[in-house]
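Shown here: work37.txt, compact mmCIF, C-alpha atoms and all ligand atoms.
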```txt
# COMPACT_ATOMS: atom_id res chain seq x y z
CA MET A 178 3.78 0.01 -28.20
CA SER A 179 4.95 0.92 -24.71
CA LYS A 180 2.98 -0.41 -21.75
CA PRO A 181 1.15 1.90 -19.33
CA ARG A 182 3.19 2.67 -16.27
CA VAL A 183 2.30 1.93 -12.65
CA LEU A 184 3.85 3.11 -9.42
CA SER A 185 2.95 2.18 -5.88
CA GLY A 186 4.64 2.11 -2.50
CA ILE A 187 4.33 0.63 0.95
CA GLN A 188 5.51 2.20 4.19
CA PRO A 189 8.00 0.24 6.31
CA SER A 190 6.03 1.26 9.38
CA GLY A 191 5.15 -2.02 11.09
CA ASN A 192 4.14 -5.61 10.48
CA LEU A 193 2.88 -6.17 6.94
CA HIS A 194 -0.54 -7.81 7.11
CA LEU A 195 -3.09 -9.65 5.04
CA GLY A 196 -4.76 -6.34 4.07
CA ASN A 197 -1.50 -5.08 2.54
CA TYR A 198 -1.17 -8.42 0.74
CA LEU A 199 -4.73 -8.67 -0.65
CA GLY A 200 -5.24 -4.95 -1.25
CA ALA A 201 -1.83 -4.28 -2.75
CA ILE A 202 1.15 -6.69 -2.96
CA LYS A 203 -0.65 -9.70 -4.48
CA ASN A 204 -2.15 -7.49 -7.21
CA PHE A 205 1.21 -5.83 -7.95
CA ALA A 206 2.63 -9.28 -8.70
CA ALA A 207 -0.42 -10.62 -10.55
CA ASN A 208 -0.57 -7.67 -12.96
CA GLN A 209 3.14 -7.00 -13.52
CA ALA A 210 3.16 -8.26 -17.13
CA GLN A 211 0.52 -5.70 -18.20
CA PHE A 212 2.54 -2.68 -17.08
CA GLU A 213 5.90 -1.01 -16.82
CA ASN A 214 6.26 -1.20 -13.05
CA TYR A 215 7.84 0.92 -10.31
CA PHE A 216 7.41 -0.22 -6.69
CA CYS A 217 9.07 1.54 -3.80
CA VAL A 218 9.53 1.23 -0.08
CA VAL A 219 8.39 4.63 1.13
CA ASP A 220 10.65 5.15 4.13
CA HIS A 221 10.20 8.94 4.16
CA HIS A 222 6.48 8.32 4.76
CA ALA A 223 7.13 5.87 7.58
CA ILE A 224 9.10 8.44 9.61
CA THR A 225 6.08 10.74 9.85
CA ASN A 226 5.37 8.60 12.91
CA PRO A 227 8.28 8.03 15.31
CA GLN A 228 10.08 4.80 14.34
CA ASP A 229 12.62 2.81 16.30
CA PRO A 230 15.77 3.03 14.10
CA LYS A 231 16.52 -0.72 14.23
CA ALA A 232 12.90 -1.54 13.42
CA LEU A 233 12.80 0.93 10.52
CA TYR A 234 15.95 -0.63 9.06
CA GLN A 235 14.55 -4.17 9.27
CA GLN A 236 11.06 -3.18 8.10
CA THR A 237 12.55 -1.54 5.00
CA PHE A 238 14.02 -4.92 4.05
CA ASP A 239 10.75 -6.63 5.02
CA VAL A 240 8.73 -4.59 2.51
CA ALA A 241 11.27 -5.14 -0.28
CA ASN A 242 11.38 -8.86 0.53
CA ALA A 243 7.58 -9.04 0.51
CA TYR A 244 7.58 -7.61 -3.03
CA LEU A 245 10.10 -10.23 -4.11
CA ALA A 246 8.46 -13.12 -2.23
CA ALA A 247 5.10 -12.28 -3.83
CA GLY A 248 6.72 -12.79 -7.22
CA LEU A 249 7.71 -9.36 -8.51
CA ASP A 250 10.51 -9.99 -10.97
CA PRO A 251 13.37 -7.53 -10.27
CA LYS A 252 14.62 -7.84 -13.85
CA GLU A 253 11.33 -6.53 -15.18
CA VAL A 254 10.16 -4.39 -12.28
CA THR A 255 11.99 -1.45 -10.73
CA ILE A 256 12.04 -2.00 -6.96
CA PHE A 257 13.69 0.72 -4.87
CA ILE A 258 13.79 2.66 -1.61
CA GLN A 259 12.23 6.12 -1.80
CA SER A 260 15.05 7.86 0.10
CA HIS A 261 17.63 6.50 -2.38
CA VAL A 262 16.12 8.83 -4.99
CA PRO A 263 16.34 12.38 -3.56
CA GLU A 264 14.18 13.75 -6.38
CA HIS A 265 11.16 12.61 -4.32
CA THR A 266 11.73 15.09 -1.52
CA GLU A 267 12.80 17.86 -3.89
CA LEU A 268 9.66 17.59 -6.02
CA GLY A 269 7.60 17.14 -2.84
CA TRP A 270 8.86 20.53 -1.66
CA ILE A 271 8.02 22.14 -5.01
CA LEU A 272 4.52 20.61 -5.06
CA ASN A 273 3.83 22.12 -1.63
CA SER A 274 3.42 25.35 -3.53
CA PHE A 275 0.70 23.78 -5.68
CA CYS A 276 -1.37 22.44 -2.79
CA TYR A 277 -3.61 24.27 -0.35
CA PHE A 278 -3.67 24.03 3.43
CA GLY A 279 -7.44 23.46 3.29
CA GLU A 280 -7.02 20.47 0.99
CA LEU A 281 -4.62 18.72 3.35
CA ARG A 282 -6.76 19.54 6.38
CA ARG A 283 -9.67 17.71 4.75
CA MET A 284 -7.78 14.41 4.28
CA THR A 285 -9.58 11.67 6.19
CA GLN A 286 -6.37 9.94 7.25
CA PHE A 287 -5.07 13.22 8.68
CA LYS A 288 -8.33 13.81 10.52
CA ASP A 289 -8.25 10.24 11.90
CA LYS A 290 -4.67 10.56 13.07
CA ALA A 291 -5.05 14.12 14.36
CA GLY A 292 -8.14 13.22 16.40
CA LYS A 293 -8.99 15.92 18.90
CA HIS A 294 -5.48 17.42 19.00
CA PRO A 295 -4.49 18.57 15.49
CA GLU A 296 -2.08 21.17 16.95
CA GLU A 297 0.07 18.36 18.32
CA VAL A 298 0.28 16.27 15.16
CA GLY A 299 3.56 16.24 13.23
CA VAL A 300 3.73 18.44 10.13
CA GLY A 301 4.95 15.35 8.24
CA ILE A 302 1.63 13.56 8.79
CA PHE A 303 -0.20 16.65 7.56
CA ASP A 304 2.01 17.05 4.49
CA TYR A 305 2.65 13.44 3.49
CA PRO A 306 -0.02 13.36 0.73
CA VAL A 307 2.03 15.99 -1.14
CA LEU A 308 5.13 13.81 -0.97
CA MET A 309 2.96 10.93 -2.16
CA ALA A 310 1.87 13.05 -5.14
CA ALA A 311 5.56 13.65 -5.95
CA ASP A 312 6.30 9.91 -5.65
CA ILE A 313 3.70 9.21 -8.32
CA VAL A 314 4.16 12.02 -10.85
CA LEU A 315 7.98 11.64 -10.88
CA TYR A 316 7.49 8.43 -12.85
CA ASP A 317 4.83 9.72 -15.28
CA ALA A 318 2.71 6.93 -13.77
CA ASN A 319 -0.59 6.29 -15.56
CA PHE A 320 -1.99 4.07 -12.81
CA VAL A 321 -1.52 3.68 -9.06
CA PRO A 322 -2.64 0.32 -7.64
CA VAL A 323 -3.69 0.89 -4.02
CA GLY A 324 -6.28 -0.12 -1.46
CA GLU A 325 -9.47 1.89 -0.97
CA ASP A 326 -7.94 3.87 1.94
CA GLN A 327 -5.68 5.70 -0.51
CA ARG A 328 -8.42 6.85 -2.94
CA GLN A 329 -8.65 10.34 -1.42
CA HIS A 330 -4.87 10.86 -1.63
CA LEU A 331 -4.97 9.82 -5.28
CA GLU A 332 -7.69 12.40 -5.93
CA LEU A 333 -5.44 15.02 -4.35
CA THR A 334 -2.53 13.90 -6.55
CA ARG A 335 -4.75 14.36 -9.60
CA ASP A 336 -5.78 17.85 -8.44
CA ILE A 337 -2.15 18.85 -7.87
CA ALA A 338 -1.04 17.46 -11.26
CA ASN A 339 -3.86 19.27 -13.06
CA ARG A 340 -2.94 22.50 -11.26
CA VAL A 341 0.72 22.13 -12.26
CA ASN A 342 -0.32 21.53 -15.87
CA TYR A 343 -2.60 24.58 -15.80
CA ARG A 344 0.14 26.84 -14.46
CA LEU A 345 3.20 25.40 -16.23
CA GLY A 346 1.66 24.06 -19.42
CA GLU A 347 -0.11 20.88 -20.50
CA GLY A 348 2.09 17.82 -20.48
CA THR A 349 4.23 18.92 -17.55
CA LEU A 350 2.89 16.03 -15.45
CA VAL A 351 0.93 12.89 -16.26
CA VAL A 352 -2.36 12.85 -14.34
CA PRO A 353 -2.61 9.37 -12.79
CA GLU A 354 -5.66 7.15 -12.25
CA PRO A 355 -6.18 4.98 -9.17
CA LEU A 356 -6.34 1.25 -9.77
CA ILE A 357 -8.51 -0.11 -6.96
CA LYS A 358 -9.85 -3.64 -7.16
CA LYS A 359 -13.41 -4.21 -6.05
CA GLU A 360 -12.56 -7.19 -3.88
CA GLY A 361 -9.96 -7.00 -1.13
CA ALA A 362 -9.50 -3.25 -1.41
CA ARG A 363 -10.51 -2.86 2.22
CA ILE A 364 -9.79 -5.80 4.50
CA MET A 365 -11.15 -5.07 7.95
CA GLY A 366 -9.70 -5.68 11.41
CA LEU A 367 -10.30 -9.14 12.90
CA ASP A 368 -11.03 -7.50 16.26
CA ASP A 369 -13.31 -4.81 14.83
CA PRO A 370 -14.85 -5.12 11.36
CA ALA A 371 -15.74 -1.42 11.39
CA LYS A 372 -12.04 -0.45 11.13
CA LYS A 373 -9.53 -1.45 8.47
CA MET A 374 -6.83 -4.00 9.18
CA SER A 375 -3.87 -1.79 9.99
CA LYS A 376 -0.11 -1.99 10.67
CA SER A 377 -0.45 0.57 13.42
CA ALA A 378 -3.34 -1.22 15.16
CA THR A 379 -3.11 -1.17 18.93
CA THR A 380 -3.36 -4.98 19.21
CA PRO A 381 -1.92 -7.77 17.03
CA ARG A 382 -5.37 -9.41 17.24
CA ASN A 383 -6.40 -6.82 14.62
CA TYR A 384 -4.36 -8.38 11.83
CA ILE A 385 -2.80 -11.49 10.40
CA ALA A 386 0.83 -10.56 9.87
CA LEU A 387 2.41 -11.99 6.75
CA THR A 388 5.00 -13.59 9.02
CA ASP A 389 2.55 -15.14 11.52
CA ASP A 390 3.16 -18.87 12.03
CA PRO A 391 0.31 -21.39 11.50
CA ASP A 392 -0.55 -21.62 15.21
CA THR A 393 -0.81 -17.85 15.55
CA ILE A 394 -2.96 -17.64 12.41
CA ARG A 395 -5.31 -20.31 13.77
CA GLN A 396 -5.51 -18.61 17.17
CA LYS A 397 -6.21 -15.18 15.69
CA LEU A 398 -8.93 -16.51 13.40
CA ARG A 399 -10.53 -18.49 16.24
CA ALA A 400 -10.65 -15.25 18.23
CA ALA A 401 -11.88 -13.12 15.30
CA VAL A 402 -15.06 -11.19 16.07
CA THR A 403 -18.23 -12.59 14.43
CA ASP A 404 -21.72 -11.21 13.95
CA SER A 405 -24.82 -12.16 15.91
CA GLY A 406 -26.69 -15.20 14.60
CA SER A 407 -24.94 -18.19 13.08
CA GLU A 408 -25.43 -17.79 9.33
CA ILE A 409 -22.40 -17.54 7.06
CA ARG A 410 -23.57 -14.84 4.73
CA PHE A 411 -22.03 -11.90 2.82
CA SER A 412 -24.16 -8.85 3.62
CA GLU A 413 -24.03 -5.37 5.06
CA ASP A 414 -25.60 -6.45 8.32
CA LYS A 415 -22.85 -9.07 8.75
CA PRO A 416 -19.64 -7.04 8.45
CA ALA A 417 -17.42 -9.55 10.28
CA LEU A 418 -18.53 -12.54 8.18
CA THR A 419 -18.38 -10.44 5.02
CA ASN A 420 -14.75 -9.67 5.81
CA LEU A 421 -13.86 -13.31 6.60
CA LEU A 422 -15.66 -14.54 3.46
CA THR A 423 -13.74 -12.00 1.38
CA ILE A 424 -10.42 -13.26 2.74
CA TYR A 425 -11.46 -16.88 2.17
CA SER A 426 -12.65 -16.19 -1.36
CA LEU A 427 -9.56 -14.23 -2.44
CA LEU A 428 -7.07 -16.72 -1.03
CA SER A 429 -8.83 -19.83 -2.29
CA ASP A 430 -10.07 -18.38 -5.58
CA THR A 431 -13.61 -19.48 -4.74
CA PRO A 432 -16.60 -17.23 -5.50
CA ILE A 433 -18.39 -16.03 -2.36
CA PRO A 434 -21.83 -17.52 -3.30
CA MET A 435 -20.16 -20.92 -3.56
CA LEU A 436 -18.73 -20.51 -0.05
CA GLU A 437 -22.11 -19.40 1.32
CA GLU A 438 -23.65 -22.54 -0.14
CA ARG A 439 -20.86 -24.78 1.15
CA TYR A 440 -21.29 -23.51 4.72
CA GLN A 441 -25.08 -23.42 4.80
CA GLY A 442 -26.26 -24.81 8.14
CA GLN A 443 -22.71 -25.06 9.51
CA GLY A 444 -21.47 -23.08 12.49
CA TYR A 445 -18.83 -20.39 12.69
CA ALA A 446 -16.30 -22.75 14.31
CA GLN A 447 -15.99 -25.05 11.28
CA PHE A 448 -15.89 -22.08 8.88
CA LYS A 449 -13.12 -20.37 10.86
CA SER A 450 -11.10 -23.56 11.13
CA ASP A 451 -11.31 -24.11 7.35
CA LEU A 452 -10.45 -20.46 6.75
CA ALA A 453 -7.34 -20.87 8.92
CA ASP A 454 -6.27 -23.83 6.73
CA VAL A 455 -6.77 -21.69 3.62
CA VAL A 456 -4.72 -18.79 5.02
CA VAL A 457 -1.91 -21.07 6.24
CA GLU A 458 -1.75 -22.83 2.89
CA ALA A 459 -1.91 -19.64 0.80
CA LEU A 460 0.83 -17.94 2.80
CA GLY A 461 3.07 -21.02 3.03
CA PRO A 462 5.16 -20.64 -0.16
CA PHE A 463 5.31 -16.86 0.30
CA GLN A 464 6.63 -17.27 3.85
CA THR A 465 9.24 -19.83 2.77
CA ARG A 466 10.55 -17.42 0.15
CA LEU A 467 10.45 -14.58 2.68
CA ARG A 468 12.67 -16.55 5.08
CA GLU A 469 15.18 -17.28 2.29
CA LEU A 470 15.34 -13.60 1.36
CA ASP A 471 15.62 -12.57 4.99
CA SER A 472 18.76 -14.68 5.36
CA ASN A 473 20.48 -12.91 2.46
CA PRO A 474 20.12 -9.10 2.83
CA ASP A 475 22.99 -8.46 0.37
CA TYR A 476 20.92 -10.00 -2.42
CA THR A 477 17.99 -7.66 -1.66
CA LEU A 478 20.25 -4.64 -1.25
CA ALA A 479 21.82 -5.23 -4.69
CA ILE A 480 18.32 -5.27 -6.23
CA LEU A 481 17.37 -2.09 -4.39
CA ARG A 482 20.53 -0.26 -5.49
CA ASP A 483 20.04 -1.27 -9.10
CA GLY A 484 16.36 -0.23 -8.83
CA ALA A 485 17.31 3.18 -7.40
CA ALA A 486 19.65 3.87 -10.32
CA ARG A 487 16.91 3.04 -12.82
CA ALA A 488 14.31 5.00 -10.86
CA GLN A 489 16.55 8.04 -10.60
CA ALA A 490 17.13 8.13 -14.36
CA GLN A 491 13.36 8.55 -14.81
CA ALA A 492 12.71 10.79 -11.80
CA SER A 493 15.44 13.27 -12.70
CA THR A 494 13.88 13.79 -16.15
CA VAL A 495 10.54 14.77 -14.69
CA LEU A 496 12.05 16.97 -11.96
CA ARG A 497 14.13 18.78 -14.60
CA ARG A 498 11.02 19.31 -16.76
CA VAL A 499 9.18 20.90 -13.82
CA LYS A 500 12.11 23.08 -12.71
CA GLU A 501 12.81 24.33 -16.24
CA ARG A 502 9.19 25.32 -16.72
CA MET A 503 9.16 27.09 -13.36
CA GLY A 504 12.22 29.16 -14.18
CA TYR A 505 14.79 27.56 -11.90
CA VAL A 506 18.43 28.08 -12.97
CA LEU A 507 19.69 24.51 -13.44
CA PRO A 508 23.23 23.54 -12.50
CA SER A 509 23.86 21.84 -15.84
N1 LIG A 601 -6.87 -3.08 5.38
C1 LIG A 601 -6.45 -2.96 4.13
N2 LIG A 601 -7.11 -3.57 3.12
C2 LIG A 601 -6.68 -3.45 1.84
N3 LIG A 601 -5.59 -2.74 1.48
C3 LIG A 601 -4.90 -2.12 2.45
N4 LIG A 601 -3.78 -1.35 2.44
C4 LIG A 601 -3.49 -0.97 3.70
N5 LIG A 601 -4.39 -1.46 4.55
C5 LIG A 601 -5.28 -2.19 3.82
C6 LIG A 601 -3.03 -1.02 1.24
O1 LIG A 601 -1.69 -1.46 1.44
C7 LIG A 601 -0.81 -0.55 0.78
C8 LIG A 601 0.28 -0.10 1.71
O2 LIG A 601 -0.20 0.73 2.68
P1 LIG A 601 0.74 1.77 3.42
O3 LIG A 601 2.01 1.16 3.80
O4 LIG A 601 0.82 3.02 2.65
O5 LIG A 601 -0.04 2.02 4.73
P2 LIG A 601 -1.51 2.42 4.99
O6 LIG A 601 -2.36 2.53 3.78
O7 LIG A 601 -1.49 3.61 5.85
O8 LIG A 601 -2.04 1.15 5.74
P3 LIG A 601 -1.56 0.32 6.94
O9 LIG A 601 -0.79 -0.86 6.42
O10 LIG A 601 -2.68 -0.02 7.78
O11 LIG A 601 -0.55 1.21 7.74
P4 LIG A 601 -0.83 2.24 8.94
O12 LIG A 601 -1.46 1.46 10.05
O13 LIG A 601 0.57 2.65 9.28
O14 LIG A 601 -1.71 3.33 8.47
C9 LIG A 601 -1.66 0.58 0.23
O15 LIG A 601 -1.92 0.33 -1.14
C10 LIG A 601 -2.92 0.48 1.03
O16 LIG A 601 -4.03 0.98 0.33
```

If you convert what's in this file into structure tokens, what do you get?
Amino acid sequence: MSKPRVLSGIQPSGNLHLGNYLGAIKNFAANQAQFENYFCVVDHHAITNPQDPKALYQQTFDVANAYLAAGLDPKEVTIFIQSHVPEHTELGWILNSFCYFGELRRMTQFKDKAGKHPEEVGVGIFDYPVLMAADIVLYDANFVPVGEDQRQHLELTRDIANRVNYRLGEGTLVVPEPLIKKEGARIMGLDDPAKKMSKSATTPRNYIALTDDPDTIRQKLRAAVTDSGSEIRFSEDKPALTNLLTIYSLLSDTPIPMLEERYQGQGYAQFKSDLADVVVEALGPFQTRLRELDSNPDYTLAILRDGAARAQAQASTVLRRVKERMGYVLPS
């Protein structure tokens, strides 16, 4: 029996951080045996915000290397760059005609980024959820492993896929389900536990980058915002400690109640210092592998080219299915 298929992607839009790792990359690797896997570097999404060309180039390798360093096996998993498979943008254009202006205007991420000046926001930022829908349905993906911040975009993808099936006939597109883990799906900023840890944060104090060295990790955790009082407890009225306990628990594989018990009566300083040790140790082997990969871009590029060929074989089948049903005259 064939395995269910998953697809997910990460934007090469800045420093990858612990939120990307715990909410996405680590789970991609941990669950790869259960699925037929497609993971891409979504460079077309990254350019919806202005990117320095040199940085975009390097960050594209950084995301691919993070997939590999986390343990995704390129023989089993298709790893590729979105722009190497032009079917993404072509289907994205077609799906624009199956999505409403009002739907995109309601997207929380758009509203956050548009702020008080929606007239001055790039059309790409407005429209990117449609391209994301194309990314997913091109692979007949059954599941999309993402962090909580992407739930609304997944709902939109499902609405678009259902609409396509209604207009063009059942079975045109597979309607995907989000795969969002309860723990780690929303790691919050170290400087502000009310906002998610984010690549585009205004200060590096917001996140632990996956490439931060041990001293930087220790410094950032020492400076991390805490809640009033001194108790180390997981609860709604302690959002900062809840976030730090979540990180500790996920990286050390220790249940949160056990950590609460261990740190009963101890101050924040000891807890943060131990947490820094846990983070440094958990990221150590990953960072070593990342450095090795970084020194050999040809190795990564060969994997990405092979991945693009495999991805395109699948994507072209779905694009053809959609175009045929819509009445396009196909070139062959
Ligand atoms: N703070 C987070 N906690 C858990 N998961 C997270 N993800 C992002 N932030 C957190 C998940 O990481 C994957 C890749 O995200 P993306 O590249 O599409 O970017 P994003 O969701 O817009 O988040 P970023 O990294 O903070 O980028 P910016 O600042 O550019 O918006 C996704 O699965 C996402 O859910």

Find the residues around Cys276 of chain A up to 10 Å (all atoms listed in the file counted), leave out those fewer than 3 positions away in its own chain, and share them as a list in words.
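So the residues in contact are Ile271, Leu272, Asn273, Gly279, Glu280, Leu281, Asp304, Pro306, Val307, Leu333, Thr334, Asp336, Ile337, Ala338, Arg340 and Val341 of chain A.
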
Have a look at atom CA of Arg363 of chain A and atom N4 of ligand LIG 601 (chain A) and let me know their distance in Å, one decimal.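 Separation of atom CA of Arg363 of chain A and atom N4 of ligand LIG 601 (chain A): 6.9 Å.
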
Using only C-alpha atoms, the best pick from A:Leu398, A:Ile256, A:Met374, A:Ile224 as closest to Ser450 of chain A would be A:Leu398

As a PyMOL selection string, please: the residues near Arg335 of chain A (cut-off 12 Å, only C-alpha atoms, same-chain neighbours under 2 positions excluded).
chain A and resi 275-276+306-307+309-311+313-314+318-321+328-333+337-342+350-355

List as JSON lines every residue of chain A that is in contact with ligand LIG 601 (chain A), defined as an atom at most 6 Å from one of its atoms (using all atoms listed in the file), together with the nearest atom pair and the distance in Å rounded to one decimal, sorted by chain and then rising number.
```
{"residue": "A:Ile187", "atom": "CA", "partner": "A:LIG601", "partner_atom": "O3", "distance": 3.7}
{"residue": "A:Gln188", "atom": "CA", "partner": "A:LIG601", "partner_atom": "O3", "distance": 3.7}
{"residue": "A:Ser190", "atom": "CA", "partner": "A:LIG601", "partner_atom": "O13", "distance": 5.6}
{"residue": "A:Gly196", "atom": "CA", "partner": "A:LIG601", "partner_atom": "N2", "distance": 3.8}
{"residue": "A:Asn197", "atom": "CA", "partner": "A:LIG601", "partner_atom": "O1", "distance": 3.8}
{"residue": "A:Gly200", "atom": "CA", "partner": "A:LIG601", "partner_atom": "N3", "distance": 3.5}
{"residue": "A:Ala201", "atom": "CA", "partner": "A:LIG601", "partner_atom": "O15", "distance": 4.9}
{"residue": "A:Val323", "atom": "CA", "partner": "A:LIG601", "partner_atom": "O15", "distance": 3.4}
{"residue": "A:Gly324", "atom": "CA", "partner": "A:LIG601", "partner_atom": "O16", "distance": 3.1}
{"residue": "A:Glu325", "atom": "CA", "partner": "A:LIG601", "partner_atom": "O16", "distance": 5.7}
{"residue": "A:Asp326", "atom": "CA", "partner": "A:LIG601", "partner_atom": "O16", "distance": 5.1}
{"residue": "A:Gln327", "atom": "CA", "partner": "A:LIG601", "partner_atom": "O16", "distance": 5.1}
{"residue": "A:Gly361", "atom": "CA", "partner": "A:LIG601", "partner_atom": "C2", "distance": 5.7}
{"residue": "A:Ala362", "atom": "CA", "partner": "A:LIG601", "partner_atom": "C2", "distance": 4.3}
{"residue": "A:Arg363", "atom": "CA", "partner": "A:LIG601", "partner_atom": "N2", "distance": 3.6}
{"residue": "A:Ile364", "atom": "CA", "partner": "A:LIG601", "partner_atom": "N2", "distance": 3.7}
{"residue": "A:Met365", "atom": "CA", "partner": "A:LIG601", "partner_atom": "N1", "distance": 5.4}
{"residue": "A:Lys373", "atom": "CA", "partner": "A:LIG601", "partner_atom": "N1", "distance": 4.4}
{"residue": "A:Met374", "atom": "CA", "partner": "A:LIG601", "partner_atom": "N1", "distance": 3.9}
{"residue": "A:Ser375", "atom": "CA", "partner": "A:LIG601", "partner_atom": "O10", "distance": 3.1}
{"residue": "A:Lys376", "atom": "CA", "partner": "A:LIG601", "partner_atom": "O12", "distance": 3.8}
{"residue": "A:Ser377", "atom": "CA", "partner": "A:LIG601", "partner_atom": "O12", "distance": 3.6}
```

So that I have them on file, write out the residues from the current selection with C-alpha atoms, as an mmCIF file, in the frame of the given file.
```cif
data_model
loop_
_atom_site.group_PDB
_atom_site.id
_atom_site.type_symbol
_atom_site.label_atom_id
_atom_site.label_comp_id
_atom_site.auth_asym_id
_atom_site.auth_seq_id
_atom_site.Cartn_x
_atom_site.Cartn_y
_atom_site.Cartn_z
ATOM 1 C CA ILE A 187 4.330 0.630 0.950
ATOM 2 C CA GLN A 188 5.510 2.200 4.190
ATOM 3 C CA SER A 190 6.030 1.260 9.380
ATOM 4 C CA GLY A 196 -4.760 -6.340 4.070
ATOM 5 C CA ASN A 197 -1.500 -5.080 2.540
ATOM 6 C CA GLY A 200 -5.240 -4.950 -1.250
ATOM 7 C CA ALA A 201 -1.830 -4.280 -2.750
ATOM 8 C CA VAL A 323 -3.690 0.890 -4.020
ATOM 9 C CA GLY A 324 -6.280 -0.120 -1.460
ATOM 10 C CA GLU A 325 -9.470 1.890 -0.970
ATOM 11 C CA ASP A 326 -7.940 3.870 1.940
ATOM 12 C CA GLN A 327 -5.680 5.700 -0.510
ATOM 13 C CA GLY A 361 -9.960 -7.000 -1.130
ATOM 14 C CA ALA A 362 -9.500 -3.250 -1.410
ATOM 15 C CA ARG A 363 -10.510 -2.860 2.220
ATOM 16 C CA ILE A 364 -9.790 -5.800 4.500
ATOM 17 C CA MET A 365 -11.150 -5.070 7.950
ATOM 18 C CA LYS A 373 -9.530 -1.450 8.470
ATOM 19 C CA MET A 374 -6.830 -4.000 9.180
ATOM 20 C CA SER A 375 -3.870 -1.790 9.990
ATOM 21 C CA LYS A 376 -0.110 -1.990 10.670
ATOM 22 C CA SER A 377 -0.450 0.570 13.420
#
```

Review point. Which is closest to Ala378 of chain A among A:Val183, A:Leu193, A:Ala479, A:Ala486, if we use all atoms listed in the file?
Key: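 For Ala378 of chain A, the nearest of the given residues is A:Leu193.
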
Polymer residues at most 12 Å from Thr403 of chain A, all atoms listed in the file, same-chain spacing of 3 or more positions, as a list in words |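 Result of the neighbour search: Gly366, Leu367, Asp368, Asp369, Pro370, Ala371, Leu398, Arg399, Ala400, Gly406, Ser407, Glu408, Ile409, Arg410, Asp414, Lys415, Pro416, Ala417, Leu418, Thr419, Asn420, Leu421, Leu422, Gly444, Tyr445, Ala446, Phe448 and Lys449 of chain A.
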
Could you pull out every residue with an atom within 9 Å of (12.1, -5.2, 0.5), file coordinates, counting all atoms listed in the file, and send them as an mmCIF file with C-alpha atoms, keeping the file's coordinate frame?
```
data_model
loop_
_atom_site.group_PDB
_atom_site.id
_atom_site.type_symbol
_atom_site.label_atom_id
_atom_site.label_comp_id
_atom_site.auth_asym_id
_atom_site.auth_seq_id
_atom_site.Cartn_x
_atom_site.Cartn_y
_atom_site.Cartn_z
ATOM 1 C CA PRO A 189 8.000 0.240 6.310
ATOM 2 C CA CYS A 217 9.070 1.540 -3.800
ATOM 3 C CA VAL A 218 9.530 1.230 -0.080
ATOM 4 C CA GLN A 236 11.060 -3.180 8.100
ATOM 5 C CA THR A 237 12.550 -1.540 5.000
ATOM 6 C CA PHE A 238 14.020 -4.920 4.050
ATOM 7 C CA ASP A 239 10.750 -6.630 5.020
ATOM 8 C CA VAL A 240 8.730 -4.590 2.510
ATOM 9 C CA ALA A 241 11.270 -5.140 -0.280
ATOM 10 C CA ASN A 242 11.380 -8.860 0.530
ATOM 11 C CA ALA A 243 7.580 -9.040 0.510
ATOM 12 C CA TYR A 244 7.580 -7.610 -3.030
ATOM 13 C CA LEU A 245 10.100 -10.230 -4.110
ATOM 14 C CA ILE A 256 12.040 -2.000 -6.960
ATOM 15 C CA PHE A 257 13.690 0.720 -4.870
ATOM 16 C CA ILE A 258 13.790 2.660 -1.610
ATOM 17 C CA THR A 477 17.990 -7.660 -1.660
ATOM 18 C CA LEU A 478 20.250 -4.640 -1.250
ATOM 19 C CA LEU A 481 17.370 -2.090 -4.390
#
```

If you count only C-alpha atoms, which residues fall within 12 Å of Arg282 of chain A, apart from same-chain ones fewer than 2 positions away, as a ChimeraX atom specification? /A:276-280,284-292,295-296,298,300,302-306,330,333

With distances taken over only C-alpha atoms, which residue among A:Asp389, A:Asp483, A:Asp471, A:Glu360 lies nearest Pro432 of chain A?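 Of A:Asp389, A:Asp483, A:Asp471, A:Glu360, the one nearest Pro432 of chain A is A:Glu360, counting only C-alpha atoms.
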
Hey, can you check how far atom CA of Gly248 of chain A sits from atom CA of Ser426 of chain A?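 We find that atom CA of Gly248 of chain A and atom CA of Ser426 of chain A lie 20.5 Å from each other.
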
Atom CA of Thr255 of chain A to atom CA of Tyr215 of chain A: how many Å, to one decimal?
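Atom-to-atom, atom CA of Thr255 of chain A and atom CA of Tyr215 of chain A are spaced 4.8 Å apart.
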
With only C-alpha atoms as the basis for distance, which of A:Leu195, A:Ala232, A:Ala459, A:Ala210 is at the shortest distance from Tyr384 of chain A?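 Checking each of A:Leu195, A:Ala232, A:Ala459, A:Ala210 against Tyr384 of chain A, counting only C-alpha atoms, the winner is A:Leu195.
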
**Prompt:** Near Ser493 of chain A, counting only C-alpha atoms, which residues have an atom at most 12 Å away, once you skip same-chain residues fewer than 2 positions from it, shown as a list in words?
**Reply:**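 Skipping anything fewer than 2 positions along the chain leaves Val262, Pro263, Glu264, His265, Thr266, Glu267, Leu268, Ala311, Val314, Leu315, Tyr316, Asp317, Ala485, Ala486, Arg487, Ala488, Gln489, Ala490, Gln491, Val495, Leu496, Arg497, Arg498, Val499, Lys500 and Glu501 of chain A.
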